[in-house]
Each structure stands twice: as C-alpha cells, then as structure tokens.
$ cat my_file-v5.pdb   # PDB, C-alpha atoms
ATOM      1  CA  MET A 225    -167.149  84.209 -10.537
ATOM      2  CA  PRO A 226    -168.069  87.155 -12.800
ATOM      3  CA  THR A 227    -171.803  87.136 -13.519
ATOM      4  CA  VAL A 228    -173.726  89.354 -15.934
ATOM      5  CA  THR A 229    -177.502  89.658 -15.616
ATOM      6  CA  THR A 230    -179.582  91.527 -18.153
ATOM      7  CA  GLY A 231    -183.146  91.527 -19.403
ATOM      8  CA  ALA A 232    -185.155  91.530 -22.604
ATOM      9  CA  ARG A 233    -186.148  94.591 -24.570
ATOM     10  CA  LEU A 234    -189.100  95.706 -26.660
ATOM     11  CA  HIS A 235    -188.484  97.191 -30.089
ATOM     12  CA  PHE A 236    -191.373  99.397 -31.169
ATOM     13  CA  GLY A 237    -189.901 100.173 -34.579
ATOM     14  CA  PHE A 238    -187.649 102.452 -36.612
ATOM     15  CA  GLN A 239    -187.904 106.131 -37.443
ATOM     16  CA  ASN A 240    -186.933 105.759 -41.092
ATOM     17  CA  LEU A 241    -186.313 103.047 -43.687
ATOM     18  CA  ALA A 242    -186.425 105.289 -46.752
ATOM     19  CA  LEU A 243    -183.227 106.009 -48.684
ATOM     20  CA  ALA A 244    -184.540 109.511 -49.427
ATOM     21  CA  HIS A 245    -183.719 110.701 -45.890
ATOM     22  CA  GLU A 246    -180.297 111.464 -44.404
ATOM     23  CA  ARG A 247    -180.478 109.032 -41.480
ATOM     24  CA  LEU A 248    -181.490 105.393 -41.819
ATOM     25  CA  TYR A 249    -183.141 103.235 -39.133
ATOM     26  CA  GLY A 250    -183.161 105.020 -35.759
ATOM     27  CA  GLY A 251    -184.605 102.539 -33.290
ATOM     28  CA  VAL A 252    -187.222 103.153 -30.600
ATOM     29  CA  GLY A 253    -187.627 100.742 -27.689
ATOM     30  CA  LEU A 254    -187.280 100.070 -23.990
ATOM     31  CA  ALA A 255    -185.736  97.685 -21.484
ATOM     32  CA  LEU A 256    -187.650  95.047 -19.551
ATOM     33  CA  ALA A 257    -186.836  93.606 -16.141
ATOM     34  CA  GLU A 258    -187.810  90.141 -17.365
ATOM     35  CA  PRO A 259    -187.317  87.655 -18.863
ATOM     36  CA  LEU A 260    -183.727  87.447 -17.670
ATOM     37  CA  LEU A 261    -180.437  86.355 -19.148
ATOM     38  CA  VAL A 262    -177.683  85.323 -16.708
ATOM     39  CA  VAL A 263    -174.165  84.503 -17.914
ATOM     40  CA  GLU A 264    -171.278  83.342 -15.722
ATOM     41  CA  ALA A 265    -167.652  82.958 -16.777
ATOM     42  CA  GLU A 266    -164.334  81.752 -15.406
ATOM     43  CA  PRO A 267    -160.882  82.008 -16.995
ATOM     44  CA  ALA A 268    -159.805  78.921 -18.912
ATOM     45  CA  ALA A 269    -157.127  77.872 -21.386
ATOM     46  CA  GLU A 270    -159.812  76.838 -23.886
ATOM     47  CA  LEU A 271    -163.416  77.638 -24.632
ATOM     48  CA  ARG A 272    -166.045  75.681 -22.721
ATOM     49  CA  CYS A 273    -169.737  76.553 -22.841
ATOM     50  CA  ASP A 274    -172.645  74.556 -21.451
ATOM     51  CA  ASP A 275    -175.130  76.075 -23.905
ATOM     52  CA  GLU A 276    -174.622  75.200 -27.571
ATOM     53  CA  ALA A 277    -176.889  78.025 -28.733
ATOM     54  CA  ALA A 278    -174.715  80.499 -26.819
ATOM     55  CA  ARG A 279    -171.412  79.010 -27.926
ATOM     56  CA  PRO A 280    -171.013  81.120 -31.124
ATOM     57  CA  TYR A 281    -171.483  84.297 -29.077
ATOM     58  CA  VAL A 282    -168.890  83.171 -26.550
ATOM     59  CA  GLU A 283    -166.456  82.220 -29.319
ATOM     60  CA  ARG A 284    -166.753  85.692 -30.769
ATOM     61  CA  ALA A 285    -166.214  87.319 -27.378
ATOM     62  CA  VAL A 286    -163.068  85.249 -26.802
ATOM     63  CA  ASP A 287    -161.818  86.204 -30.264
ATOM     64  CA  VAL A 288    -162.360  89.976 -30.022
ATOM     65  CA  LEU A 289    -160.892  90.088 -26.504
ATOM     66  CA  ASP A 290    -157.886  88.011 -27.658
ATOM     67  CA  VAL A 291    -157.954  85.727 -24.636
ATOM     68  CA  PRO A 292    -157.157  81.985 -24.679
ATOM     69  CA  GLY A 293    -160.594  80.844 -23.600
ATOM     70  CA  ALA A 294    -163.231  80.837 -20.909
ATOM     71  CA  ALA A 295    -165.585  78.461 -19.113
ATOM     72  CA  VAL A 296    -169.042  79.987 -19.620
ATOM     73  CA  SER A 297    -172.407  78.961 -18.226
ATOM     74  CA  VAL A 298    -175.773  80.401 -19.201
ATOM     75  CA  THR A 299    -177.823  79.828 -16.056
ATOM     76  CA  GLU A 300    -180.941  81.663 -17.194
ATOM     77  CA  ARG A 301    -182.048  82.751 -20.641
ATOM     78  CA  PHE A 302    -185.059  83.836 -22.648
ATOM     79  CA  PRO A 303    -186.267  82.562 -26.040
ATOM     80  CA  ARG A 304    -184.280  83.422 -29.140
ATOM     81  CA  HIS A 305    -185.711  85.121 -32.234
ATOM     82  CA  VAL A 306    -189.082  86.052 -30.750
ATOM     83  CA  GLY A 307    -188.632  89.840 -30.828
ATOM     84  CA  LEU A 308    -187.131  90.312 -27.345
ATOM     85  CA  GLY A 309    -183.527  91.033 -28.341
ATOM     86  CA  SER A 310    -181.836  87.855 -27.105
ATOM     87  CA  GLY A 311    -178.942  87.995 -29.584
ATOM     88  CA  THR A 312    -177.579  91.390 -28.599
ATOM     89  CA  GLN A 313    -178.057  90.782 -24.890
ATOM     90  CA  LEU A 314    -176.279  87.427 -25.102
ATOM     91  CA  SER A 315    -173.434  88.855 -27.185
ATOM     92  CA  LEU A 316    -172.779  91.706 -24.777
ATOM     93  CA  ALA A 317    -173.279  89.627 -21.626
ATOM     94  CA  ALA A 318    -170.792  87.049 -22.911
ATOM     95  CA  LEU A 319    -168.312  89.808 -23.772
ATOM     96  CA  ILE A 320    -168.419  91.426 -20.337
ATOM     97  CA  ALA A 321    -168.412  88.129 -18.438
ATOM     98  CA  VAL A 322    -165.401  86.792 -20.353
ATOM     99  CA  ALA A 323    -163.550  90.093 -20.029
ATOM    100  CA  ARG A 324    -164.068  90.227 -16.273
ATOM    101  CA  ALA A 325    -163.015  86.602 -15.925
ATOM    102  CA  HIS A 326    -159.643  87.665 -17.342
ATOM    103  CA  ASP A 327    -159.515  90.894 -15.299
ATOM    104  CA  LEU A 328    -160.061  92.997 -18.392
ATOM    105  CA  THR A 329    -162.271  96.024 -18.920
ATOM    106  CA  ALA A 330    -164.432  95.993 -22.045
ATOM    107  CA  ASP A 331    -166.715  98.793 -23.176
ATOM    108  CA  ALA A 332    -169.813  97.145 -24.628
ATOM    109  CA  ARG A 333    -170.584 100.025 -26.992
ATOM    110  CA  SER A 334    -167.062 100.045 -28.445
ATOM    111  CA  TYR A 335    -166.937  96.288 -28.941
ATOM    112  CA  ALA A 336    -170.496  95.826 -30.226
ATOM    113  CA  PRO A 337    -169.692  96.301 -33.954
ATOM    114  CA  ALA A 338    -166.953  93.655 -33.761
ATOM    115  CA  LEU A 339    -169.602  91.341 -32.318
ATOM    116  CA  GLY A 340    -171.909  92.129 -35.240
ATOM    117  CA  ARG A 341    -174.242  94.252 -33.093
ATOM    118  CA  GLY A 342    -175.607  97.763 -33.609
ATOM    119  CA  GLY A 343    -175.575  97.455 -37.393
ATOM    120  CA  ARG A 344    -179.156  98.664 -37.600
ATOM    121  CA  SER A 345    -180.756  99.363 -34.241
ATOM    122  CA  GLY A 346    -178.860 100.750 -31.285
ATOM    123  CA  ILE A 347    -181.631  99.854 -28.835
ATOM    124  CA  GLY A 348    -180.143  96.541 -27.720
ATOM    125  CA  VAL A 349    -176.780  98.081 -26.848
ATOM    126  CA  ALA A 350    -178.323 101.153 -25.204
ATOM    127  CA  THR A 351    -180.731  99.169 -23.039
ATOM    128  CA  PHE A 352    -177.941  96.784 -22.006
ATOM    129  CA  LEU A 353    -175.910  99.762 -20.814
ATOM    130  CA  GLN A 354    -178.595 102.102 -19.485
ATOM    131  CA  GLY A 355    -182.033 100.518 -19.424
ATOM    132  CA  GLY A 356    -185.078 102.766 -19.804
ATOM    133  CA  PHE A 357    -186.865 104.054 -22.893
ATOM    134  CA  VAL A 358    -184.415 104.873 -25.677
ATOM    135  CA  VAL A 359    -184.472 106.590 -29.062
ATOM    136  CA  ASP A 360    -181.323 106.192 -31.160
ATOM    137  CA  GLY A 361    -180.072 108.352 -33.999
ATOM    138  CA  GLY A 362    -179.665 105.702 -36.687
ATOM    139  CA  HIS A 363    -176.902 105.580 -39.291
ATOM    140  CA  PRO A 364    -175.886 107.893 -42.157
ATOM    141  CA  THR A 365    -177.891 106.738 -45.166
ATOM    142  CA  GLU A 366    -174.999 107.446 -47.539
ATOM    143  CA  ARG A 367    -172.949 104.743 -45.801
ATOM    144  CA  PHE A 368    -175.653 102.142 -45.377
ATOM    145  CA  THR A 369    -178.022 102.475 -48.341
ATOM    146  CA  ALA A 370    -179.722  99.142 -49.004
ATOM    147  CA  GLU A 371    -176.415  97.297 -48.587
ATOM    148  CA  PRO A 372    -174.839  97.895 -45.165
ATOM    149  CA  PRO A 373    -171.081  98.238 -44.698
ATOM    150  CA  ALA A 374    -168.973  95.160 -44.125
ATOM    151  CA  GLU A 375    -169.720  93.549 -40.787
ATOM    152  CA  GLY A 376    -168.224  95.516 -37.932
ATOM    153  CA  ASP A 377    -167.455  98.540 -40.095
ATOM    154  CA  TRP A 378    -169.905 100.820 -38.318
ATOM    155  CA  GLU A 379    -170.480 102.640 -35.072
ATOM    156  CA  VAL A 380    -173.363 101.908 -32.733
ATOM    157  CA  PRO A 381    -176.045 104.574 -33.283
ATOM    158  CA  PRO A 382    -175.953 107.436 -30.776
ATOM    159  CA  VAL A 383    -178.622 107.743 -28.101
ATOM    160  CA  LEU A 384    -180.771 110.787 -28.879
ATOM    161  CA  ALA A 385    -183.129 110.468 -25.927
ATOM    162  CA  ARG A 386    -183.409 108.288 -22.838
ATOM    163  CA  HIS A 387    -186.062 108.355 -20.115
ATOM    164  CA  ASP A 388    -186.860 106.211 -17.118
ATOM    165  CA  VAL A 389    -190.089 104.288 -17.565
ATOM    166  CA  PRO A 390    -192.579 104.777 -14.693
ATOM    167  CA  ALA A 391    -192.129 101.981 -12.150
ATOM    168  CA  ASP A 392    -195.861 101.246 -11.958
ATOM    169  CA  TRP A 393    -196.163 100.567 -15.703
ATOM    170  CA  ARG A 394    -196.297  96.922 -16.709
ATOM    171  CA  PHE A 395    -195.870  95.234 -20.070
ATOM    172  CA  LEU A 396    -197.957  92.259 -21.089
ATOM    173  CA  LEU A 397    -195.923  89.878 -23.265
ATOM    174  CA  VAL A 398    -197.834  87.392 -25.388
ATOM    175  CA  VAL A 399    -195.580  84.973 -27.262
ATOM    176  CA  PRO A 400    -197.502  82.599 -29.551
ATOM    177  CA  ASP A 401    -195.969  79.212 -30.316
ATOM    178  CA  VAL A 402    -195.395  79.850 -34.017
ATOM    179  CA  GLU A 403    -192.364  80.024 -36.283
ATOM    180  CA  HIS A 404    -189.680  82.271 -34.838
ATOM    181  CA  GLY A 405    -189.112  85.792 -36.117
ATOM    182  CA  ARG A 406    -186.468  86.604 -38.701
ATOM    183  CA  SER A 407    -182.787  86.751 -37.880
ATOM    184  CA  GLY A 408    -179.390  86.514 -39.512
ATOM    185  CA  ALA A 409    -179.232  86.375 -43.316
ATOM    186  CA  THR A 410    -183.019  86.059 -43.637
ATOM    187  CA  GLU A 411    -183.547  89.220 -41.625
ATOM    188  CA  ASP A 412    -180.871  91.028 -43.651
ATOM    189  CA  ARG A 413    -182.603  90.170 -46.932
ATOM    190  CA  SER A 414    -185.993  91.208 -45.597
ATOM    191  CA  MET A 415    -184.633  94.521 -44.320
ATOM    192  CA  ARG A 416    -182.872  95.199 -47.608
ATOM    193  CA  ASP A 417    -186.063  94.563 -49.561
ATOM    194  CA  ALA A 418    -188.075  96.781 -47.196
ATOM    195  CA  VAL A 419    -185.532  99.618 -47.443
ATOM    196  CA  GLU A 420    -185.514  99.497 -51.236
ATOM    197  CA  ARG A 421    -189.317  99.951 -51.311
ATOM    198  CA  ALA A 422    -189.825 102.185 -48.264
ATOM    199  CA  ASP A 423    -192.168 105.148 -48.609
ATOM    200  CA  PRO A 424    -190.415 108.265 -47.218
ATOM    201  CA  GLY A 425    -193.794 109.759 -46.324
ATOM    202  CA  ILE A 426    -194.157 107.195 -43.539
ATOM    203  CA  ALA A 427    -190.899 108.426 -42.004
ATOM    204  CA  ASP A 428    -192.243 111.986 -42.062
ATOM    205  CA  GLU A 429    -195.344 110.858 -40.187
ATOM    206  CA  ILE A 430    -193.217 108.962 -37.650
ATOM    207  CA  SER A 431    -191.075 112.036 -37.069
ATOM    208  CA  THR A 432    -194.150 114.036 -36.083
ATOM    209  CA  LEU A 433    -195.459 111.164 -33.972
ATOM    210  CA  LEU A 434    -192.163 110.859 -32.106
ATOM    211  CA  THR A 435    -191.637 114.530 -31.334
ATOM    212  CA  ARG A 436    -195.222 115.591 -30.673
ATOM    213  CA  GLN A 437    -196.638 112.494 -28.990
ATOM    214  CA  LEU A 438    -194.282 109.691 -27.940
ATOM    215  CA  LEU A 439    -191.443 111.711 -26.385
ATOM    216  CA  PRO A 440    -193.783 114.145 -24.587
ATOM    217  CA  ALA A 441    -195.786 111.175 -23.278
ATOM    218  CA  ILE A 442    -192.783 109.433 -21.706
ATOM    219  CA  ALA A 443    -191.447 112.747 -20.352
ATOM    220  CA  THR A 444    -194.772 113.518 -18.665
ATOM    221  CA  ARG A 445    -195.464 109.896 -17.680
ATOM    222  CA  ASP A 446    -198.718 109.872 -19.628
ATOM    223  CA  ARG A 447    -199.326 106.143 -19.998
ATOM    224  CA  ARG A 448    -202.344 106.326 -22.266
ATOM    225  CA  ALA A 449    -200.683 108.740 -24.679
ATOM    226  CA  PHE A 450    -197.484 106.680 -24.647
ATOM    227  CA  GLY A 451    -199.267 103.401 -25.353
ATOM    228  CA  SER A 452    -201.260 104.930 -28.172
ATOM    229  CA  ALA A 453    -198.191 106.521 -29.778
ATOM    230  CA  ALA A 454    -196.018 103.388 -29.452
ATOM    231  CA  ALA A 455    -198.770 101.304 -31.004
ATOM    232  CA  ARG A 456    -199.108 103.790 -33.870
ATOM    233  CA  LEU A 457    -195.342 103.688 -34.438
ATOM    234  CA  GLY A 458    -195.565  99.911 -34.789
ATOM    235  CA  ARG A 459    -198.424 100.098 -37.276
ATOM    236  CA  LEU A 460    -196.542 102.613 -39.414
ATOM    237  CA  ASN A 461    -193.484 100.349 -39.408
ATOM    238  CA  GLY A 462    -195.726  97.465 -40.378
ATOM    239  CA  ALA A 463    -196.662  99.299 -43.568
ATOM    240  CA  TRP A 464    -192.976  99.134 -44.549
ATOM    241  CA  TYR A 465    -192.769  95.425 -43.724
ATOM    242  CA  ALA A 466    -196.140  94.301 -45.068
ATOM    243  CA  ASP A 467    -194.722  92.461 -48.082
ATOM    244  CA  GLU A 468    -192.077  90.760 -45.940
ATOM    245  CA  GLN A 469    -194.229  89.571 -43.042
ATOM    246  CA  GLY A 470    -197.637  89.058 -44.616
ATOM    247  CA  GLY A 471    -199.342  92.229 -43.408
ATOM    248  CA  VAL A 472    -198.948  95.140 -41.032
ATOM    249  CA  TYR A 473    -198.364  92.532 -38.314
ATOM    250  CA  ARG A 474    -196.868  89.102 -38.687
ATOM    251  CA  PRO A 475    -199.677  86.536 -38.300
ATOM    252  CA  PRO A 476    -201.093  85.825 -35.786
ATOM    253  CA  ALA A 477    -199.898  89.073 -34.150
ATOM    254  CA  GLY A 478    -202.581  91.164 -35.840
ATOM    255  CA  GLU A 479    -205.395  89.131 -34.309
ATOM    256  CA  LEU A 480    -203.728  89.249 -30.882
ATOM    257  CA  VAL A 481    -203.250  93.025 -31.073
ATOM    258  CA  GLU A 482    -206.873  93.520 -32.102
ATOM    259  CA  ARG A 483    -208.103  91.510 -29.132
ATOM    260  CA  LEU A 484    -205.860  93.348 -26.672
ATOM    261  CA  ASN A 485    -206.974  96.720 -27.974
ATOM    262  CA  ASP A 486    -210.530  95.875 -26.899
ATOM    263  CA  VAL A 487    -209.474  95.537 -23.235
ATOM    264  CA  PRO A 488    -209.791  98.749 -21.147
ATOM    265  CA  ALA A 489    -206.950  97.628 -18.846
ATOM    266  CA  ILE A 490    -204.538  97.734 -21.808
ATOM    267  CA  THR A 491    -203.538 101.072 -23.300
ATOM    268  CA  GLY A 492    -201.760 100.324 -26.546
ATOM    269  CA  ALA A 493    -200.579  97.059 -28.075
ATOM    270  CA  GLY A 494    -198.218  96.068 -30.861
ATOM    271  CA  GLN A 495    -195.621  93.694 -32.213
ATOM    272  CA  SER A 496    -192.026  93.783 -30.974
ATOM    273  CA  SER A 497    -189.476  93.753 -33.803
ATOM    274  CA  TRP A 498    -190.211  90.879 -36.232
ATOM    275  CA  GLY A 499    -192.362  89.177 -33.603
ATOM    276  CA  PRO A 500    -193.995  86.898 -32.869
ATOM    277  CA  THR A 501    -194.065  88.613 -29.431
ATOM    278  CA  VAL A 502    -196.971  91.004 -28.923
ATOM    279  CA  TRP A 503    -196.854  93.617 -26.161
ATOM    280  CA  GLY A 504    -199.548  95.498 -24.313
ATOM    281  CA  LEU A 505    -199.151  98.366 -21.841
ATOM    282  CA  THR A 506    -200.936  98.114 -18.497
ATOM    283  CA  THR A 507    -200.385  98.905 -14.810
ATOM    284  CA  VAL A 508    -199.573  97.099 -11.568
ATOM    285  CA  GLU A 509    -203.217  97.326 -10.546
ATOM    286  CA  ASP A 510    -204.510  95.897 -13.832
ATOM    287  CA  GLN A 511    -201.857  93.260 -14.474
ATOM    288  CA  GLN A 512    -204.060  90.263 -13.654
ATOM    289  CA  THR A 513    -206.760  91.516 -15.979
ATOM    290  CA  ALA A 514    -204.153  92.068 -18.679
ATOM    291  CA  ARG A 515    -202.729  88.582 -18.184
ATOM    292  CA  LYS A 516    -206.186  87.055 -18.597
ATOM    293  CA  ALA A 517    -206.681  89.152 -21.737
ATOM    294  CA  GLY A 518    -203.461  87.753 -23.177
ATOM    295  CA  GLN A 519    -204.574  84.190 -22.492
ATOM    296  CA  ASP A 520    -207.967  84.873 -24.036
ATOM    297  CA  ALA A 521    -206.331  86.414 -27.109
ATOM    298  CA  LEU A 522    -204.254  83.275 -27.691
ATOM    299  CA  ALA A 523    -207.325  81.084 -27.277
ATOM    300  CA  SER A 524    -209.288  83.243 -29.717
ATOM    301  CA  ALA A 525    -206.480  82.965 -32.273
ATOM    302  CA  GLY A 526    -206.375  79.207 -31.801
ATOM    303  CA  VAL A 527    -202.698  79.058 -30.869
ATOM    304  CA  GLU A 528    -200.725  77.993 -27.839
ATOM    305  CA  GLY A 529    -198.241  80.357 -26.256
ATOM    306  CA  THR A 530    -196.905  81.998 -23.134
ATOM    307  CA  VAL A 531    -198.224  85.036 -21.322
ATOM    308  CA  ARG A 532    -196.450  87.095 -18.689
ATOM    309  CA  VAL A 533    -196.589  90.605 -17.268
ATOM    310  CA  VAL A 534    -193.259  92.274 -16.550
ATOM    311  CA  ALA A 535    -191.879  95.535 -15.167
ATOM    312  CA  PRO A 536    -189.657  97.975 -17.064
ATOM    313  CA  ARG A 537    -185.928  98.082 -16.316
ATOM    314  CA  ASN A 538    -184.376 101.505 -15.742
ATOM    315  CA  THR A 539    -180.810 100.365 -15.104
ATOM    316  CA  GLY A 540    -178.165  98.749 -17.219
ATOM    317  CA  ALA A 541    -177.003  95.160 -16.979
ATOM    318  CA  ASP A 542    -176.035  93.934 -13.505
ATOM    319  CA  LEU A 543    -172.317  93.160 -13.594
ATOM    320  CA  ALA A 544    -171.855  91.229 -10.351
ATOM    321  CA  GLU A 545    -168.524  89.850  -9.233
TER     322      GLU A 545
END
$ encode --input "my_file-v5.pdb" --output "structure tokens"
Amino acid sequence: MPTVTTGARLHFGFQNLALAHERLYGGVGLALAEPLLVVEAEPAAELRCDDEAARPYVERAVDVLDVPGAAVSVTERFPRHVGLGSGTQLSLAALIAVARAHDLTADARSYAPALGRGGRSGIGVATFLQGGFVVDGGHPTERFTAEPPAEGDWEVPPVLARHDVPADWRFLLVVPDVEHGRSGATEDRSMRDAVERADPGIADEISTLLTRQLLPAIATRDRRAFGSAAARLGRLNGAWYADEQGGVYRPPAGELVERLNDVPAITGAGQSSWGPTVWGLTTVEDQQTARKAGQDALASAGVEGTVRVVAPRNTGADLAE
C-alpha cells in the first residue's frame, strides 16, 4: 500500500509584504522531523477516508488527478492550524499517496497550485520535497497586489536558497491550548489587510538581516547567530501583523517567547506563522533543559499546552511503497 510520511515545518516569516517592492512574500522556514503525518492509500472506485478533517484534501487530490476514487487512511497526524503547516503537508501527502495507488506519477510542485497551495509561501511545498532550511523567492507583486490571482492561477515560488540544518540542532515546540491560528478566508483577509498597510522599510531591514546574518549563519552552522537572526525576522514580521494578531506576537506567544529568551540553553525563540506555536532553538545536549523551560513558560503564562523537542528534517517526504 502506498504510504507517504512527512513532517511539520516552522515558518519564521516573510521577506516582504509591502506593495512598493517588486516581489511579494518570500517565505523563510525549515522542515522538522516531527510531529509526523502518515497517509496511506489504495485504489478504489469511490472516495473513502477515515479522517473527516482530511477528507476535503483527499477529494481535491482525486479531482485533480482525475481518478475514480481512493481508500485513504491518515494513520498519524499533527494538529491543524497551529503554525506547523499541516494543510500543505496533508494536501501534498494525499496527492502523492492517491497518485501512487493508481500507478500514476505526480509532481507535487506542479500540482500544488491546483490544490490551493503555494499561493503565498513556498516553504510548505519546498520542505515537503527537499526538507532543510529554505528561502523562497515570493511572487511578482504586480500579479498579486493585495488581491491574489484566482485560486490555482499561480506558480509555487522558486527556491532561492536551501541548506541542511545541523543534525545536532533541536527545536523546542511549545503549543499553548488556545484558539487556533488563522487559516482559510480569515487568514486571507488578515494577510490582505497587512499587505495594504505594510511598511516597506521593514522589508529593507529584513533583506539586510537575511543576507548578512541568517544565510551566513546557516551556511557556517553558527547556531547562536542563526537563532538570533530567525528570532529577529519573526519580530520584524510581527510589526506587519500587529493590528491583526494583537501585537508583535499573538497572545500568549509574546510571554512564552520572553520566558524562553531568558534561558541560556535556548538561542533564539519566536512564533511560527500565525501561531500559537512558539519555537526555541537548542541542542541535543540541552534538550531536557529546554523542555523544562517550555513547561515553565506555559505555567508562567497560566495556560495548558504541549511541549516537545524535535530534530530538523533534511530530506523530503518519505514515499514508501
């Protein structure tokens, strides 16, 4: 039975939201080994799916592949709408699993727009295919402006840079039990409002940050410089989103980030995408200390939640037969 296994991703932010610049968006993020998503599929004359939340993604895969149906099981998954990229990973995993069940070959990058993916960030598609740390090139501003093209009428942003993430780096994930992050039409409206107000000067600062700090740090495996630069990228993005999410970080992420920044074992912390997931960069040796710091941060904020420490993923999705 065709099985597709992929992992979550962190989204540190975009390079530009201002209409004054030639390229819009331009995502920056990396792939995680966990939490995992595992999708299995068999050929069928109709659509059967044991996971109602996944069913719309499977329906779309069946439609774009023009096959009669498929029997799909989601045997492992991670939370939706918490800033870990579940939608894109599920869309692409369903596509590949259904295609292989019918002995078809499907290129995830080519099909992604038809699945409604890659319309802003290309990080989800790139990490599904390649893993690692990725910077994408965004979209031409003249085509997107504040109102994007009709759904599917775009190309997935090109990958400008990709690097393996050092195997001994670890990422603390703190997910508070609060209202889920934005998605769908709500996310579209929030992004449109942010783009219409975006200060182009922030994009200029991010450009310098990316080329002089973040990319050199990943290329030279300088963890402290990388964590600091990724955290700064998130704060600059938060200035664009402040009116939409109630501050530079979406509450209670700001309090969690502040607590994590006080821990020597953690070098850089921030919010992934719309949150509520907060990340912190640490090492194999310090992972237990980092985990305890995450638990303490939740307790200090007065919220329940989950804490885990995970490795980076430097390969694409596992497409097992």
$ residues_around --input "my_file-v5.pdb" --residues "segment 228-241 of chain A" --least-positions-apart "4" --cutoff "8 Å" --atoms "all atoms listed in the file" --output "ChimeraX atom specification"
/A:245,247-264,302,307-310,313,317-318,320-321,345,347-348,351-352,418-419,422-424,426-427,430-431,454-455,457-458,461,464,494-497,537,540-544
$ closest_atom_pairs --input "my_file-v5.pdb" --of "segment 377-450 of chain A" --to "segment 526-529 of chain A" --cutoff "10 Å" --atoms "only C-alpha atoms" --output "CSV"
residue,atom,partner,partner_atom,distance
A:Val398,CA,A:Gly529,CA,7.1
A:Val399,CA,A:Gly529,CA,5.4
A:Pro400,CA,A:Gly529,CA,4.1
A:Asp401,CA,A:Gly529,CA,4.8
A:Val402,CA,A:Val527,CA,8.0
$ atom_distance --input "my_file-v5.pdb" --atom1 "atom CA of Arg333 of chain A" --atom2 "atom CA of Val349 of chain A"
6.5 Å
$ atom_distance --input "my_file-v5.pdb" --atom1 "atom CA of Arg272 of chain A" --atom2 "atom CA of Arg341 of chain A"
22.8 Å
$ closest_residue --input "my_file-v5.pdb" --among "A:Ala244, A:Leu339, A:Ala489, A:Leu328" --to "Leu314 of chain A" --atoms "all atoms listed in the file"
A:Leu339
$ closest_residue --input "my_file-v5.pdb" --among "A:Gln512, A:Arg304, A:Gly340, A:Leu439" --to "Val358 of chain A" --atoms "only C-alpha atoms"
A:Leu439
$ residues_around --input "my_file-v5.pdb" --residues "Pro440 of chain A" --least-positions-apart "6" --cutoff "9 Å" --atoms "only C-alpha atoms" --output "short mmCIF file (atom, residue, chain, number, x, y, z; two decimals) with C-alpha atoms, in the coordinates of the input"
data_model
loop_
_atom_site.label_atom_id
_atom_site.label_comp_id
_atom_site.auth_asym_id
_atom_site.auth_seq_id
_atom_site.Cartn_x
_atom_site.Cartn_y
_atom_site.Cartn_z
CA LEU A 434 -192.16 110.86 -32.11
CA ASP A 446 -198.72 109.87 -19.63
CA ALA A 449 -200.68 108.74 -24.68
CA PHE A 450 -197.48 106.68 -24.65
#
$ closest_atom_pairs --input "my_file-v5.pdb" --of "segment 415-511 of chain A" --to "segment 374-389 of chain A" --cutoff "8 Å" --atoms "all atoms listed in the file" --output "JSON lines"
{"residue": "A:Ile442", "atom": "CA", "partner": "A:His387", "partner_atom": "CA", "distance": 7.0}
{"residue": "A:Ala443", "atom": "CA", "partner": "A:His387", "partner_atom": "CA", "distance": 7.0}
{"residue": "A:Arg445", "atom": "CA", "partner": "A:Val389", "partner_atom": "CA", "distance": 7.8}
$ write_last_selection --input "my_file-v5.pdb" --atoms "C-alpha atoms" --output "mmCIF file, keeping the file's coordinate frame"
data_model
loop_
_atom_site.group_PDB
_atom_site.id
_atom_site.type_symbol
_atom_site.label_atom_id
_atom_site.label_comp_id
_atom_site.auth_asym_id
_atom_site.auth_seq_id
_atom_site.Cartn_x
_atom_site.Cartn_y
_atom_site.Cartn_z
ATOM 1 C CA ILE A 442 -192.783 109.433 -21.706
ATOM 2 C CA ALA A 443 -191.447 112.747 -20.352
ATOM 3 C CA ARG A 445 -195.464 109.896 -17.680
#
$ residues_around --input "my_file-v5.pdb" --residues "Val291 of chain A" --least-positions-apart "4" --cutoff "12 Å" --atoms "all atoms listed in the file" --output "PyMOL selection string"
chain A and resi 266-271+282-287+295+319+322-328
$ atom_distance --input "my_file-v5.pdb" --atom1 "atom CA of Trp393 of chain A" --atom2 "atom CA of Glu509 of chain A"
9.3 Å
$ residues_around --input "my_file-v5.pdb" --residues "Lys516 of chain A" --least-positions-apart "2" --cutoff "12 Å" --atoms "all atoms listed in the file" --output "VMD selection string"
chain A and resid 396 to 398 483 to 484 487 489 to 490 510 to 514 518 to 523 530 to 533
$ write_last_selection --input "my_file-v5.pdb" --atoms "C-alpha atoms" --output "mmCIF file, in the frame of the given file"
data_model
loop_
_atom_site.group_PDB
_atom_site.id
_atom_site.type_symbol
_atom_site.label_atom_id
_atom_site.label_comp_id
_atom_site.auth_asym_id
_atom_site.auth_seq_id
_atom_site.Cartn_x
_atom_site.Cartn_y
_atom_site.Cartn_z
ATOM 1 C CA LEU A 396 -197.957 92.259 -21.089
ATOM 2 C CA LEU A 397 -195.923 89.878 -23.265
ATOM 3 C CA VAL A 398 -197.834 87.392 -25.388
ATOM 4 C CA ARG A 483 -208.103 91.510 -29.132
ATOM 5 C CA LEU A 484 -205.860 93.348 -26.672
ATOM 6 C CA VAL A 487 -209.474 95.537 -23.235
ATOM 7 C CA ALA A 489 -206.950 97.628 -18.846
ATOM 8 C CA ILE A 490 -204.538 97.734 -21.808
ATOM 9 C CA ASP A 510 -204.510 95.897 -13.832
ATOM 10 C CA GLN A 511 -201.857 93.260 -14.474
ATOM 11 C CA GLN A 512 -204.060 90.263 -13.654
ATOM 12 C CA THR A 513 -206.760 91.516 -15.979
ATOM 13 C CA ALA A 514 -204.153 92.068 -18.679
ATOM 14 C CA GLY A 518 -203.461 87.753 -23.177
ATOM 15 C CA GLN A 519 -204.574 84.190 -22.492
ATOM 16 C CA ASP A 520 -207.967 84.873 -24.036
ATOM 17 C CA ALA A 521 -206.331 86.414 -27.109
ATOM 18 C CA LEU A 522 -204.254 83.275 -27.691
ATOM 19 C CA ALA A 523 -207.325 81.084 -27.277
ATOM 20 C CA THR A 530 -196.905 81.998 -23.134
ATOM 21 C CA VAL A 531 -198.224 85.036 -21.322
ATOM 22 C CA ARG A 532 -196.450 87.095 -18.689
ATOM 23 C CA VAL A 533 -196.589 90.605 -17.268
#
$ resolve_selection --input "my_file-v5.pdb" --expression "the PyMOL selection byres ((chain A and resi 473) around 10)" --output "PyMOL selection string"
chain A and resi 458-459+461-463+465-466+469-472+474-481+494-496+498-500+502
